[in-house]
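Data block below; observations after.
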Amino acid sequence: MGASDKKATEGAVQPPNPWDPLVRISHWAIAAAVLANGFITKPGGIAHVWVGWAVIGVFASRLIWAVVGPQEARFSAFPPSPSAALHHIGNLLRGRAREYPSHNPAAAIMVYTLWACLMLVTATGLLMTDGKSPTAIAEERAAIAAGNWSVLVKSGSEGNDNKGEFSMRVAGEVHELAANLLLILAAVHVGGVLIESRVLGRNLIRPMIVGKRRQS
């Protein structure tokens with residue numbers, strides 16, 4: 001290695017050594033949940049609701065970790081910057097990309113956008129189910145199937161039908177739109193990771209699976 005190459009290497013930002021176990025587990029758990037509720041479970045079904053509640057727990061832990069976790073996982077490590085993201089994408093399209101200690105600027109924008117969609121999906125899901133737990137919903141549906149319609153009165157599901165119906169319809173449309181957008185963004189995210197892996201000449205998916213990169 002020449003002197004100039006050695007100097008460039010020493011001055012470059014080294015690839016990060018993320019990701020810690022909580023970041024990796026939450027990442028893949030949320031990805032699996034999005035795919036499951038997007039393509040496998042029945043919309044509005046008990047399994048669908050269970051997955052949604054699991055996502056709430058996992059997502060909440062990731063947000064807390066973004067405040068108290070290691071530096072690479074914190075909000076401060078990847079602040080959203082549209083101008084920096086556009087600059088990074090421009091460099092990427094020209095076949096040039098630099099390393100960042102955490103998410104690169106474009107990935108940071110994607111992370112926050114995905115999280116916003118995820119919050120919208122879970123919030124509308126809770127609204128559509130009146131915030132009831134999957135167990136409560138299952139018991140209520142079992143009672144209705146058995147002919148015990150009184151559970152609707154006890155839960156306040158009767159009365160104000162027009163207002164409730166409109167709210168549910170709006171929540172349902174927003175929920176579906178946000179869920180579809182989440183799937184599209186996830187596909188774009190995967191494409192971006194593959195492109196950047198090629199430009200940087202290293203596998204960016206592997207660290208999210210096994211954690212620390214191989215030491216050369």
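In the structure tokens, each chain is lettered A, B, ... as it comes, each chain's residues begin at 1, and ligands are numbered from 1 in order of appearance.
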Contacts of A:Asn37 within 9 Å, only C-alpha atoms, excl. fewer than 5 positions in-chain, as a count of residues only: 9
From the DSSP assignment of the backbone, select every residue of stretch 14-177 of chain A that is helix (DSSP H, G or I), and format the answer as a ChimeraX atom specification. /A:21-40,46-68,71-73,75-77,82-93,105-128,134-145,150-154,161-177
Grab the residues selected above and save them as a CSV table (one decimal), in the first residue's frame with C-alpha atoms.
```csv
chain,number,residue,atom,x,y,z
A,21,PRO,CA,-28.4,-7.6,19.7
A,22,LEU,CA,-31.5,-5.4,20.5
A,23,VAL,CA,-31.1,-3.5,17.3
A,24,ARG,CA,-30.8,-6.7,15.3
A,25,ILE,CA,-33.6,-8.5,17.0
A,26,SER,CA,-36.0,-5.6,16.8
A,27,HIS,CA,-35.2,-5.0,13.2
A,28,TRP,CA,-35.9,-8.6,12.1
A,29,ALA,CA,-38.9,-9.0,14.4
A,30,ILE,CA,-40.5,-5.9,12.9
A,31,ALA,CA,-39.7,-7.0,9.4
A,32,ALA,CA,-41.2,-10.4,10.0
A,33,ALA,CA,-44.3,-8.9,11.6
A,34,VAL,CA,-44.8,-6.5,8.6
A,35,LEU,CA,-44.5,-9.3,6.2
A,36,ALA,CA,-46.8,-11.6,8.2
A,37,ASN,CA,-49.5,-9.0,8.5
A,38,GLY,CA,-49.1,-7.9,5.0
A,39,PHE,CA,-49.2,-11.2,3.3
A,40,ILE,CA,-50.1,-14.0,5.7
A,46,ILE,CA,-56.9,-12.5,16.0
A,47,ALA,CA,-53.5,-13.5,14.6
A,48,HIS,CA,-53.3,-10.2,12.8
A,49,VAL,CA,-54.1,-8.4,16.1
A,50,TRP,CA,-51.6,-10.4,18.1
A,51,VAL,CA,-48.8,-9.6,15.6
A,52,GLY,CA,-49.8,-5.9,15.9
A,53,TRP,CA,-49.5,-5.9,19.6
A,54,ALA,CA,-46.2,-7.7,19.4
A,55,VAL,CA,-44.9,-5.0,17.1
A,56,ILE,CA,-46.0,-2.3,19.6
A,57,GLY,CA,-43.8,-3.9,22.3
A,58,VAL,CA,-40.8,-4.4,20.1
A,59,PHE,CA,-41.0,-1.0,18.5
A,60,ALA,CA,-41.4,0.7,22.0
A,61,SER,CA,-38.2,-1.1,23.1
A,62,ARG,CA,-36.3,0.1,20.0
A,63,LEU,CA,-37.4,3.7,20.6
A,64,ILE,CA,-36.3,3.5,24.2
A,65,TRP,CA,-33.0,2.0,23.1
A,66,ALA,CA,-32.5,4.9,20.7
A,67,VAL,CA,-32.3,7.1,23.8
A,68,VAL,CA,-30.3,4.9,26.3
A,71,GLN,CA,-24.0,5.4,20.5
A,72,GLU,CA,-24.6,3.8,17.1
A,73,ALA,CA,-28.3,3.0,18.0
A,75,PHE,CA,-31.3,9.1,17.6
A,76,SER,CA,-28.3,11.4,17.8
A,77,ALA,CA,-26.2,9.1,15.7
A,82,PRO,CA,-32.8,15.7,3.6
A,83,SER,CA,-30.0,17.7,2.0
A,84,ALA,CA,-27.4,15.2,3.3
A,85,ALA,CA,-29.5,12.3,2.1
A,86,LEU,CA,-29.7,13.8,-1.4
A,87,HIS,CA,-26.0,14.4,-1.4
A,88,HIS,CA,-25.4,10.8,-0.3
A,89,ILE,CA,-27.7,9.4,-3.0
A,90,GLY,CA,-26.0,11.5,-5.6
A,91,ASN,CA,-22.6,10.1,-4.6
A,92,LEU,CA,-24.0,6.6,-4.6
A,93,LEU,CA,-25.4,7.0,-8.2
A,105,PRO,CA,-28.1,10.1,5.7
A,106,ALA,CA,-30.3,8.4,3.2
A,107,ALA,CA,-30.8,5.4,5.5
A,108,ALA,CA,-31.6,7.7,8.4
A,109,ILE,CA,-34.4,9.4,6.4
A,110,MET,CA,-35.7,5.9,5.5
A,111,VAL,CA,-35.6,4.7,9.1
A,112,TYR,CA,-37.7,7.7,10.3
A,113,THR,CA,-40.1,7.3,7.5
A,114,LEU,CA,-40.6,3.6,8.2
A,115,TRP,CA,-41.0,4.3,11.9
A,116,ALA,CA,-43.6,7.0,11.1
A,117,CYS,CA,-45.6,4.6,8.9
A,118,LEU,CA,-45.3,1.9,11.6
A,119,MET,CA,-46.7,4.2,14.2
A,120,LEU,CA,-49.6,5.2,11.9
A,121,VAL,CA,-50.4,1.6,11.2
A,122,THR,CA,-50.4,0.6,14.9
A,123,ALA,CA,-52.3,3.7,16.0
A,124,THR,CA,-55.1,3.1,13.5
A,125,GLY,CA,-55.1,-0.6,14.3
A,126,LEU,CA,-55.7,0.3,18.0
A,127,LEU,CA,-58.4,2.7,17.0
A,128,MET,CA,-60.1,0.1,14.9
A,134,PRO,CA,-56.3,-9.8,21.4
A,135,THR,CA,-57.6,-11.9,24.3
A,136,ALA,CA,-60.5,-9.6,24.9
A,137,ILE,CA,-61.3,-9.5,21.2
A,138,ALA,CA,-61.3,-13.3,20.9
A,139,GLU,CA,-63.6,-13.6,23.9
A,140,GLU,CA,-66.0,-11.0,22.5
A,141,ARG,CA,-66.1,-12.7,19.1
A,142,ALA,CA,-66.6,-16.1,20.8
A,143,ALA,CA,-69.5,-14.7,22.8
A,144,ILE,CA,-71.1,-13.2,19.7
A,145,ALA,CA,-70.7,-16.4,17.8
A,150,SER,CA,-75.0,-8.3,25.1
A,151,VAL,CA,-71.2,-7.9,24.9
A,152,LEU,CA,-71.7,-5.3,22.3
A,153,VAL,CA,-73.8,-3.2,24.6
A,154,LYS,CA,-71.3,-3.6,27.5
A,161,ASP,CA,-73.6,4.0,15.0
A,162,ASN,CA,-73.1,6.6,12.2
A,163,LYS,CA,-70.2,8.4,14.0
A,164,GLY,CA,-68.5,5.1,14.9
A,165,GLU,CA,-69.0,3.7,11.4
A,166,PHE,CA,-67.4,6.7,9.8
A,167,SER,CA,-64.5,6.7,12.2
A,168,MET,CA,-63.9,3.0,11.6
A,169,ARG,CA,-64.0,3.5,7.9
A,170,VAL,CA,-61.5,6.4,7.9
A,171,ALA,CA,-59.2,4.5,10.3
A,172,GLY,CA,-59.4,1.4,8.1
A,173,GLU,CA,-58.5,3.3,4.9
A,174,VAL,CA,-55.6,5.1,6.6
A,175,HIS,CA,-54.5,1.8,8.1
A,176,GLU,CA,-54.4,0.0,4.7
A,177,LEU,CA,-52.7,3.0,3.0
```
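A straight line drawn from atom CA of A:Ser81 to atom CA of A:Val210 is 28.6 Å long.
Interatomic distance, atom CA of A:Gly192 to atom CA of A:Ser102: 15.5 Å.
For the atom pair formed by atom CA of A:Ala187 and atom CA of A:Gly95, the distance is 21.1 Å, given to one decimal.
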